[in-house]
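The file data24.cif comes next; it holds mmCIF, C-alpha atoms and all ligand atoms.
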```
data_structure
loop_
_atom_site.label_atom_id
_atom_site.label_comp_id
_atom_site.auth_asym_id
_atom_site.auth_seq_id
_atom_site.Cartn_x
_atom_site.Cartn_y
_atom_site.Cartn_z
CA MET A 40 17.90 67.09 47.04
CA VAL A 41 19.39 66.73 43.60
CA LYS A 42 21.36 63.77 44.87
CA LYS A 43 18.16 62.09 46.14
CA ILE A 44 16.39 62.63 42.83
CA LEU A 45 19.32 61.13 40.99
CA GLN A 46 19.34 58.15 43.35
CA LEU A 47 15.60 57.63 42.79
CA GLN A 48 15.95 57.79 39.01
CA PHE A 49 18.87 55.40 39.16
CA ARG A 50 16.78 52.92 41.18
CA ARG A 51 13.94 53.22 38.67
CA TYR A 52 16.45 52.60 35.91
CA LEU A 53 17.72 49.49 37.69
CA VAL A 54 14.17 48.18 38.24
CA SER A 55 13.16 48.68 34.60
CA LEU A 56 16.45 47.09 33.51
CA GLY A 57 15.71 44.13 35.72
CA LEU A 58 12.19 43.79 34.36
CA ALA A 59 13.43 43.94 30.78
CA GLY A 60 16.03 41.29 31.56
CA LEU A 61 13.35 39.11 33.11
CA VAL A 62 11.19 39.42 30.01
CA ILE A 63 14.11 38.58 27.70
CA PHE A 64 15.11 35.60 29.85
CA ALA A 65 11.56 34.29 29.88
CA ALA A 66 11.33 34.69 26.10
CA ILE A 67 14.57 32.81 25.51
CA HIS A 68 13.53 30.07 27.91
CA TRP A 69 10.14 29.68 26.17
CA VAL A 70 11.82 29.34 22.77
CA ARG A 71 14.19 26.71 24.16
CA VAL A 72 11.35 24.71 25.72
CA SER A 73 9.33 24.90 22.51
CA ALA A 74 12.27 23.72 20.45
CA SER A 75 12.99 20.81 22.74
CA MET A 76 9.40 19.61 22.93
CA PRO A 77 9.00 16.16 21.34
CA THR A 78 7.11 16.06 18.07
CA PRO A 79 4.12 13.73 17.93
CA SER A 80 4.98 10.28 16.65
CA VAL A 81 3.86 9.73 13.08
CA SER A 82 1.96 6.52 12.50
CA ALA A 83 1.88 4.75 9.17
CA THR A 84 -1.66 5.92 8.59
CA SER A 85 -1.10 9.56 9.43
CA SER A 86 1.96 9.58 7.19
CA LEU A 87 -0.53 9.28 4.35
CA SER A 88 -1.81 12.75 5.13
CA GLY A 89 0.08 14.00 2.09
CA LEU A 90 -2.68 12.48 0.02
CA ALA A 91 -5.75 14.66 -0.18
CA ALA A 92 -8.96 13.65 1.54
CA LEU A 93 -7.82 10.20 2.47
CA SER A 94 -9.98 8.44 4.99
CA PRO A 95 -10.93 4.85 5.79
CA ASP A 96 -13.58 3.46 3.49
CA GLN A 97 -16.90 2.15 4.60
CA THR A 98 -17.36 -0.74 2.24
CA ILE A 99 -14.96 -3.29 0.86
CA PRO A 100 -13.93 -2.40 -2.69
CA ASN A 101 -14.61 -4.59 -5.67
CA LEU A 102 -12.44 -7.56 -4.75
CA SER A 103 -14.31 -10.07 -6.90
CA LEU A 104 -12.57 -11.94 -9.68
CA ILE A 105 -14.26 -12.69 -12.95
CA PRO A 106 -13.47 -16.16 -14.35
CA PRO A 107 -10.59 -16.38 -16.81
CA PRO A 108 -11.78 -16.43 -20.42
CA SER A 109 -12.41 -19.82 -22.00
CA THR A 110 -14.45 -19.11 -25.15
CA PRO A 111 -12.62 -19.62 -28.48
CA ASN A 112 -13.34 -16.15 -29.89
CA PRO A 113 -13.53 -13.75 -26.98
CA PRO A 114 -13.37 -10.00 -27.33
CA ALA A 115 -9.87 -8.60 -27.17
CA LEU A 116 -10.33 -7.19 -23.70
CA ILE A 117 -12.12 -8.43 -20.63
CA SER A 118 -14.94 -6.04 -19.92
CA THR A 119 -14.01 -3.68 -17.15
CA GLN A 120 -16.13 -2.63 -14.24
CA ALA A 121 -16.60 0.76 -12.68
CA ASN A 122 -13.79 1.99 -10.50
CA VAL A 123 -13.94 1.42 -6.77
CA THR A 124 -16.02 3.86 -4.79
CA ALA A 125 -14.64 7.19 -3.68
CA PRO A 126 -13.40 7.52 -0.11
CA THR A 127 -16.13 8.12 2.45
CA PRO A 128 -16.03 9.58 5.95
CA ALA A 129 -14.07 7.68 8.55
CA VAL A 130 -15.68 4.76 10.32
CA SER A 131 -14.49 2.99 13.41
CA GLN A 132 -16.09 -0.37 12.86
CA ALA A 133 -14.91 -3.01 10.42
CA PRO A 134 -16.12 -2.71 6.81
CA THR A 135 -19.19 -4.65 5.82
CA PRO A 136 -18.73 -7.92 3.91
CA SER A 137 -18.28 -7.85 0.16
CA PRO A 138 -21.53 -8.10 -1.83
CA ASN A 139 -20.32 -11.30 -3.47
CA LEU A 140 -20.30 -13.12 -0.14
CA PRO A 141 -23.47 -14.95 0.92
CA THR A 142 -25.55 -12.82 3.29
CA SER A 143 -25.80 -15.72 5.73
CA CYS A 144 -22.05 -15.55 6.26
CA THR A 145 -21.14 -14.64 9.82
CA ALA A 146 -17.41 -14.17 9.65
CA THR A 147 -15.89 -14.08 13.10
CA LEU A 148 -12.68 -12.38 12.02
CA PRO A 149 -13.09 -8.67 11.24
CA ALA A 150 -11.66 -7.33 7.99
CA PRO A 151 -8.66 -5.01 8.22
CA LEU A 152 -8.91 -1.25 7.79
CA TRP A 153 -8.31 -0.13 4.24
CA PHE A 154 -8.17 2.93 1.98
CA ASN A 155 -8.94 3.48 -1.67
CA VAL A 156 -6.19 5.42 -3.43
CA ALA A 157 -6.44 6.15 -7.14
CA ILE A 158 -3.21 5.72 -9.10
CA HIS A 159 -2.23 7.25 -12.42
CA PRO A 160 -3.68 5.43 -15.49
CA SER A 161 -0.25 5.36 -17.13
CA ASN A 162 0.78 2.78 -14.51
CA TYR A 163 -1.80 0.09 -15.31
CA GLY A 164 -3.94 -1.26 -18.13
CA ASP A 165 -6.68 -3.71 -19.08
CA ARG A 166 -6.32 -7.47 -18.98
CA PHE A 167 -6.04 -8.93 -22.47
CA ARG A 168 -7.98 -11.98 -23.66
CA GLN A 169 -5.55 -12.51 -26.55
CA ASP A 170 -1.79 -12.27 -26.56
CA ALA A 171 0.28 -10.17 -28.99
CA GLN A 172 0.08 -12.98 -31.57
CA GLY A 173 -3.71 -13.17 -31.35
CA ARG A 174 -3.84 -16.41 -29.37
CA PRO A 175 -6.48 -16.62 -26.61
CA VAL A 176 -5.13 -16.59 -23.08
CA THR A 177 -6.88 -18.60 -20.37
CA ASN A 178 -4.52 -18.52 -17.38
CA GLN A 179 -5.91 -18.78 -13.89
CA TYR A 180 -5.24 -15.82 -11.65
CA LEU A 181 -1.94 -15.83 -9.81
CA ILE A 182 -1.13 -13.97 -6.58
CA VAL A 183 2.34 -12.41 -6.61
CA LEU A 184 3.74 -11.20 -3.28
CA HIS A 185 6.08 -8.20 -3.15
CA GLU A 186 7.67 -5.72 -0.77
CA THR A 187 8.11 -2.01 -1.47
CA VAL A 188 11.82 -1.63 -0.52
CA SER A 189 10.82 1.93 0.39
CA SER A 190 8.23 3.59 2.57
CA GLY A 191 4.63 2.87 1.66
CA LEU A 192 4.04 6.55 0.93
CA ALA A 193 6.98 6.67 -1.48
CA ALA A 194 5.57 3.67 -3.34
CA ILE A 195 2.11 5.22 -3.51
CA ASN A 196 3.53 8.47 -4.83
CA THR A 197 5.36 6.54 -7.55
CA PHE A 198 2.13 4.89 -8.66
CA ARG A 199 0.32 8.24 -8.66
CA THR A 200 2.95 9.80 -10.92
CA TYR A 201 2.48 9.97 -14.70
CA HIS A 202 5.04 7.71 -16.39
CA PRO A 203 5.11 7.98 -20.19
CA ARG A 204 7.92 5.42 -20.62
CA ASP A 205 7.15 1.69 -20.43
CA GLU A 206 10.16 1.00 -18.20
CA ASP A 207 8.95 3.45 -15.55
CA GLN A 208 5.34 2.27 -15.35
CA ARG A 209 4.59 0.18 -12.27
CA SER A 210 1.80 -0.69 -9.88
CA TYR A 211 0.37 -3.19 -7.41
CA HIS A 212 -3.26 -3.98 -6.78
CA ASP A 213 -2.93 -3.66 -3.01
CA LEU A 214 -0.31 -2.39 -0.58
CA ILE A 215 -0.21 -3.33 3.09
CA LEU A 216 1.32 -0.73 5.40
CA LEU A 217 3.33 -1.54 8.52
CA ASP A 218 0.29 -1.09 10.74
CA GLY A 219 -1.73 -3.55 8.64
CA THR A 220 -3.80 -0.96 6.81
CA ILE A 221 -4.59 -2.06 3.26
CA VAL A 222 -4.22 0.59 0.55
CA HIS A 223 -6.36 -0.58 -2.34
CA LEU A 224 -4.74 0.88 -5.45
CA LEU A 225 -6.27 -0.93 -8.37
CA ASP A 226 -9.44 -2.82 -9.26
CA TRP A 227 -8.63 -6.51 -9.51
CA GLN A 228 -10.12 -6.58 -12.99
CA LYS A 229 -7.32 -4.30 -14.17
CA ARG A 230 -3.82 -5.31 -15.16
CA ALA A 231 -1.17 -4.02 -12.77
CA PHE A 232 2.42 -3.63 -13.92
CA GLY A 233 4.09 -5.46 -11.04
CA ALA A 234 6.45 -7.98 -12.62
CA GLY A 235 7.76 -7.33 -16.11
CA ASN A 236 9.74 -10.16 -17.75
CA SER A 237 8.43 -12.92 -15.50
CA GLU A 238 7.19 -16.47 -15.70
CA PHE A 239 5.36 -18.87 -13.37
CA ARG A 240 5.96 -22.58 -14.10
CA GLY A 241 6.05 -21.91 -17.82
CA GLU A 242 3.11 -19.50 -17.75
CA ALA A 243 3.63 -16.05 -19.21
CA VAL A 244 1.72 -13.87 -21.66
CA GLN A 245 3.18 -11.41 -24.12
CA THR A 246 0.76 -8.55 -24.70
CA ASN A 247 3.20 -6.02 -26.16
CA PRO A 248 5.43 -7.24 -29.02
CA ASN A 249 8.13 -4.80 -27.88
CA LEU A 250 8.31 -6.15 -24.33
CA PRO A 251 9.10 -9.61 -22.87
CA SER A 252 6.22 -11.82 -21.75
CA SER A 253 5.17 -11.71 -18.11
CA VAL A 254 2.58 -12.88 -15.60
CA ASN A 255 1.03 -9.42 -15.36
CA ASN A 256 -1.96 -10.30 -17.53
CA PHE A 257 -3.23 -12.83 -14.98
CA ALA A 258 -1.53 -11.61 -11.79
CA LEU A 259 -2.82 -10.01 -8.62
CA HIS A 260 0.08 -8.03 -7.17
CA PHE A 261 0.02 -7.66 -3.37
CA SER A 262 2.87 -5.82 -1.67
CA LEU A 263 4.06 -5.40 1.90
CA GLU A 264 5.58 -2.12 3.07
CA THR A 265 9.23 -2.76 3.88
CA PRO A 266 10.42 -1.84 7.41
CA PRO A 267 12.90 1.09 7.45
CA ASN A 268 15.96 -1.12 7.96
CA GLY A 269 15.17 -2.80 4.64
CA TYR A 270 15.42 0.29 2.42
CA ASN A 271 18.47 -1.24 0.72
CA ASN A 272 19.59 -4.19 -1.38
CA GLY A 273 20.60 -6.29 1.61
CA PRO A 274 19.59 -9.95 1.75
CA ARG A 275 17.23 -9.50 4.72
CA HIS A 276 15.66 -7.07 7.19
CA GLN A 277 13.70 -7.24 10.45
CA GLY A 278 10.64 -8.68 8.72
CA TYR A 279 7.00 -7.65 8.54
CA THR A 280 4.56 -6.94 11.34
CA ALA A 281 1.96 -9.38 12.62
CA ALA A 282 -0.67 -6.90 11.44
CA GLN A 283 0.76 -7.08 7.91
CA TYR A 284 0.59 -10.89 7.81
CA ARG A 285 -2.95 -10.79 9.08
CA SER A 286 -4.09 -8.26 6.46
CA LEU A 287 -2.27 -10.05 3.66
CA ALA A 288 -3.92 -13.33 4.63
CA TRP A 289 -7.33 -11.67 4.69
CA LEU A 290 -6.70 -10.25 1.22
CA VAL A 291 -5.51 -13.57 -0.18
CA ALA A 292 -8.48 -15.38 1.35
CA GLN A 293 -10.86 -13.02 -0.49
CA THR A 294 -9.49 -14.25 -3.83
CA ARG A 295 -10.56 -17.88 -3.13
CA LEU A 296 -7.39 -18.95 -4.92
CA GLY A 297 -5.46 -22.00 -3.70
CA ASP A 298 -1.89 -22.25 -2.45
CA ASP A 299 -0.79 -23.41 -5.90
CA ARG A 300 -1.67 -19.94 -7.23
CA ILE A 301 0.40 -17.95 -4.72
CA THR A 302 3.98 -17.05 -5.52
CA THR A 303 6.58 -14.36 -4.95
CA HIS A 304 8.23 -11.82 -7.21
CA LYS A 305 11.55 -13.54 -6.51
CA THR A 306 10.20 -16.85 -7.81
CA ILE A 307 8.84 -15.55 -11.10
CA ASP A 308 11.46 -12.91 -11.94
CA ARG A 309 13.47 -13.81 -15.05
CA ALA A 310 15.98 -11.03 -15.45
CA SER A 311 16.68 -8.36 -12.85
CA GLY A 312 17.44 -10.42 -9.73
CA LYS A 313 14.38 -9.41 -7.69
CA GLN A 314 14.52 -10.83 -4.17
CA ASP A 315 11.21 -9.65 -2.77
CA PRO A 316 9.61 -10.20 -0.42
CA ARG A 317 12.72 -10.68 1.72
CA SER A 318 12.50 -12.03 5.28
CA PHE A 319 8.98 -13.36 4.66
CA ASP A 320 7.63 -15.63 7.42
CA SER A 321 5.61 -18.22 5.49
CA ARG A 322 4.47 -20.00 8.65
CA GLN A 323 2.93 -16.88 10.16
CA PHE A 324 1.24 -16.06 6.86
CA GLN A 325 -0.11 -19.59 6.41
CA ALA A 326 -1.48 -19.67 9.96
CA TRP A 327 -3.52 -16.53 9.33
CA LEU A 328 -4.55 -17.70 5.87
CA THR A 329 -5.96 -20.93 7.29
CA GLU A 330 -7.96 -18.90 9.82
CA PHE A 331 -9.40 -16.56 7.21
CA ARG A 332 -10.20 -19.32 4.74
CA GLN A 333 -12.15 -21.11 7.44
CA SER A 334 -14.08 -17.94 8.23
CA LEU A 335 -15.21 -17.64 4.61
CA CYS A 336 -18.58 -19.15 3.89
ZN ZN A 401 8.36 -6.93 -6.49
#
```
Can the structure in the file be given as structure tokens, please?
Ligand SMILES: [Zn+2]
Amino acid sequence: MVKKILQLQFRRYLVSLGLAGLVIFAAIHWVRVSASMPTPSVSATSSLSGLAALSPDQTIPNLSLIPPPSTPNPPALISTQANVTAPTPAVSQAPTPSPNLPTSCTATLPAPLWFNVAIHPSNYGDRFRQDAQGRPVTNQYLIVLHETVSSGLAAINTFRTYHPRDEDQRSYHDLILLDGTIVHLLDWQKRAFGAGNSEFRGEAVQTNPNLPSSVNNFALHFSLETPPNGYNNGPRHQGYTAAQYRSLAWLVAQTRLGDDRITTHKTIDRASGKQDPRSFDSRQFQAWLTEFRQSLC
């Protein structure tokens, strides 16, 4: 009898031991499966989720250009306009045309998706109507093309950071991510710090007596996000995406500026050996630019 009871208890012990083992095995297996599950791929747009309340904007920002000053005694600064509108809830359709376009315009090519992102005021300024010596400046606007040589998010974070020292202050007006999304950083009426110590065919303006002259006072700085294999000082990388060329061409077309007012940072740089934008496909860009210019009306 005692022997039978002992045998029964031993069996129960074995069963409970087996059950416990099963539970532990299942738990270990679940942890392993969870750990090996692939993480969702991160798109260029969702990588911006580090920026609060960022969502596509419904209307095109203020992309109009006021004419360069020509009066003999203008005020020291070009009057500035209100900042671009705050981000609005996401929309799936293309943004509506800019208010400065004729309402009869029926553009067949949709505008790219874009975001407004405010950058820190230490990284930009106002456009001056007089240089540091008090002479009036009347330069036409000039488009300067760049690349980030980093991720787009890293560049945006730099522009959103307070920089008290002149040498650290930098900005673009617009940044085009790998997926073609335009990040609108600065009103075109403002002066971005994109190319210190620079000159375009003899044109440069000195606005600070302590710093070399540059094209910044009349420049529009547009930058392409560099692909990951270009995060270095190498001479080239895999190049930009078709979506980036398309968005850049759309942006350039909105300026109504001619080819003679488009240049690169490499071309205008005077001192530090800038090479950007590397691996730029001018033919692809020009093809899109022709399309977008024809769709303007
Ligand atoms: Zn540059």
**Message:** So the first atom is atom CA of A:Arg199 and the second is atom CA of A:Ala258; what is the distance between them in Å, to one decimal place?
**Reply:** 20.2 Å
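Between A:Val183 and the residues A:Ala281, A:Ile221, A:Leu250, A:Leu214, the shortest atom-to-atom distance, using all atoms listed in the file, involves A:Leu214.
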Using only C-alpha atoms and all ligand atoms, which residues of the polymer chains come no farther than 9 Å from ligand ZN 401 (chain A)? I'd like the answer as a PDB file with C-alpha atoms, keeping the file's coordinate frame.
```pdb
ATOM      1  CA  VAL A 183       2.340 -12.410  -6.610  1.00  0.00           C
ATOM      2  CA  LEU A 184       3.740 -11.200  -3.280  1.00  0.00           C
ATOM      3  CA  HIS A 185       6.080  -8.200  -3.150  1.00  0.00           C
ATOM      4  CA  GLU A 186       7.670  -5.720  -0.770  1.00  0.00           C
ATOM      5  CA  THR A 187       8.110  -2.010  -1.470  1.00  0.00           C
ATOM      6  CA  VAL A 188      11.820  -1.630  -0.520  1.00  0.00           C
ATOM      7  CA  TYR A 211       0.370  -3.190  -7.410  1.00  0.00           C
ATOM      8  CA  GLY A 233       4.090  -5.460 -11.040  1.00  0.00           C
ATOM      9  CA  ALA A 234       6.450  -7.980 -12.620  1.00  0.00           C
ATOM     10  CA  HIS A 260       0.080  -8.030  -7.170  1.00  0.00           C
ATOM     11  CA  PHE A 261       0.020  -7.660  -3.370  1.00  0.00           C
ATOM     12  CA  SER A 262       2.870  -5.820  -1.670  1.00  0.00           C
ATOM     13  CA  THR A 303       6.580 -14.360  -4.950  1.00  0.00           C
ATOM     14  CA  HIS A 304       8.230 -11.820  -7.210  1.00  0.00           C
ATOM     15  CA  LYS A 305      11.550 -13.540  -6.510  1.00  0.00           C
ATOM     16  CA  ASP A 308      11.460 -12.910 -11.940  1.00  0.00           C
ATOM     17  CA  LYS A 313      14.380  -9.410  -7.690  1.00  0.00           C
ATOM     18  CA  GLN A 314      14.520 -10.830  -4.170  1.00  0.00           C
ATOM     19  CA  ASP A 315      11.210  -9.650  -2.770  1.00  0.00           C
ATOM     20  CA  PRO A 316       9.610 -10.200  -0.420  1.00  0.00           C
TER      21      PRO A 316
END
```
**Request:** Mind checking which residues fall within 12 Å of A:Glu264, counting all atoms listed in the file, ignoring those fewer than 4 positions away in the same chain, and posting them as JSON, numbers by chain?
**Result:** {"A": [83, 184, 185, 186, 187, 188, 189, 190, 191, 192, 193, 194, 195, 211, 213, 214, 215, 216, 217, 218, 219, 220, 221, 222, 268, 269, 270, 276, 278, 279, 280, 282, 283, 284, 286, 287, 315, 316, 317, 319]}
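With all atoms listed in the file as the basis for measurement, A:Ser237 is the residue among A:Ser161, A:Gln323, A:Asn271, A:Ser237 that approaches A:Phe257 most closely.
Here atom CA of A:Asn247 and atom CA of A:Ile307 stand 18.7 Å from one another.
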Mind listing whatever residues come within 6 Å of the point (-7.5, -9.2, 7.7)? Use all atoms listed in the file, file coordinates, and give them as a compact mmCIF listing (two decimals) with C-alpha atoms, in the frame of the given file.
```
# COMPACT_ATOMS: atom_id res chain seq x y z
CA ALA A 150 -11.66 -7.33 7.99
CA PRO A 151 -8.66 -5.01 8.22
CA ARG A 285 -2.95 -10.79 9.08
CA SER A 286 -4.09 -8.26 6.46
CA TRP A 289 -7.33 -11.67 4.69
```
**Prompt:** Using all atoms listed in the file, which residue out of A:His223, A:Arg168, A:Arg240, A:His159 lies closest to A:Ile301?
**Reply:** A:Arg240
**Asked** Taking into account all atoms listed in the file, which residue in the set A:Leu225, A:Ala326, A:Arg332, A:Arg309 is nearest to A:Phe154?
**Response** A:Leu225
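The shell of residues at most 10 Å from A:Arg204, with all atoms listed in the file counted and near chain neighbours (fewer than 3 positions) removed, consists of Ser161, Asn162, Tyr201, Asp207 and Gln208 of chain A.
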**Message:** Residues within 6 Å of A:Leu224, please, as a list in words. Count all atoms listed in the file; anything in the same chain fewer than 6 positions from it doesn't count.
**Reply:** Val156, Ala157, His212 and Asp213 of chain A
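Among A:Arg300, A:Gln325, A:Asn155, A:Asp320, the residue with the shortest atom-to-atom distance to A:Gln277, counting only C-alpha atoms, is A:Asp320.
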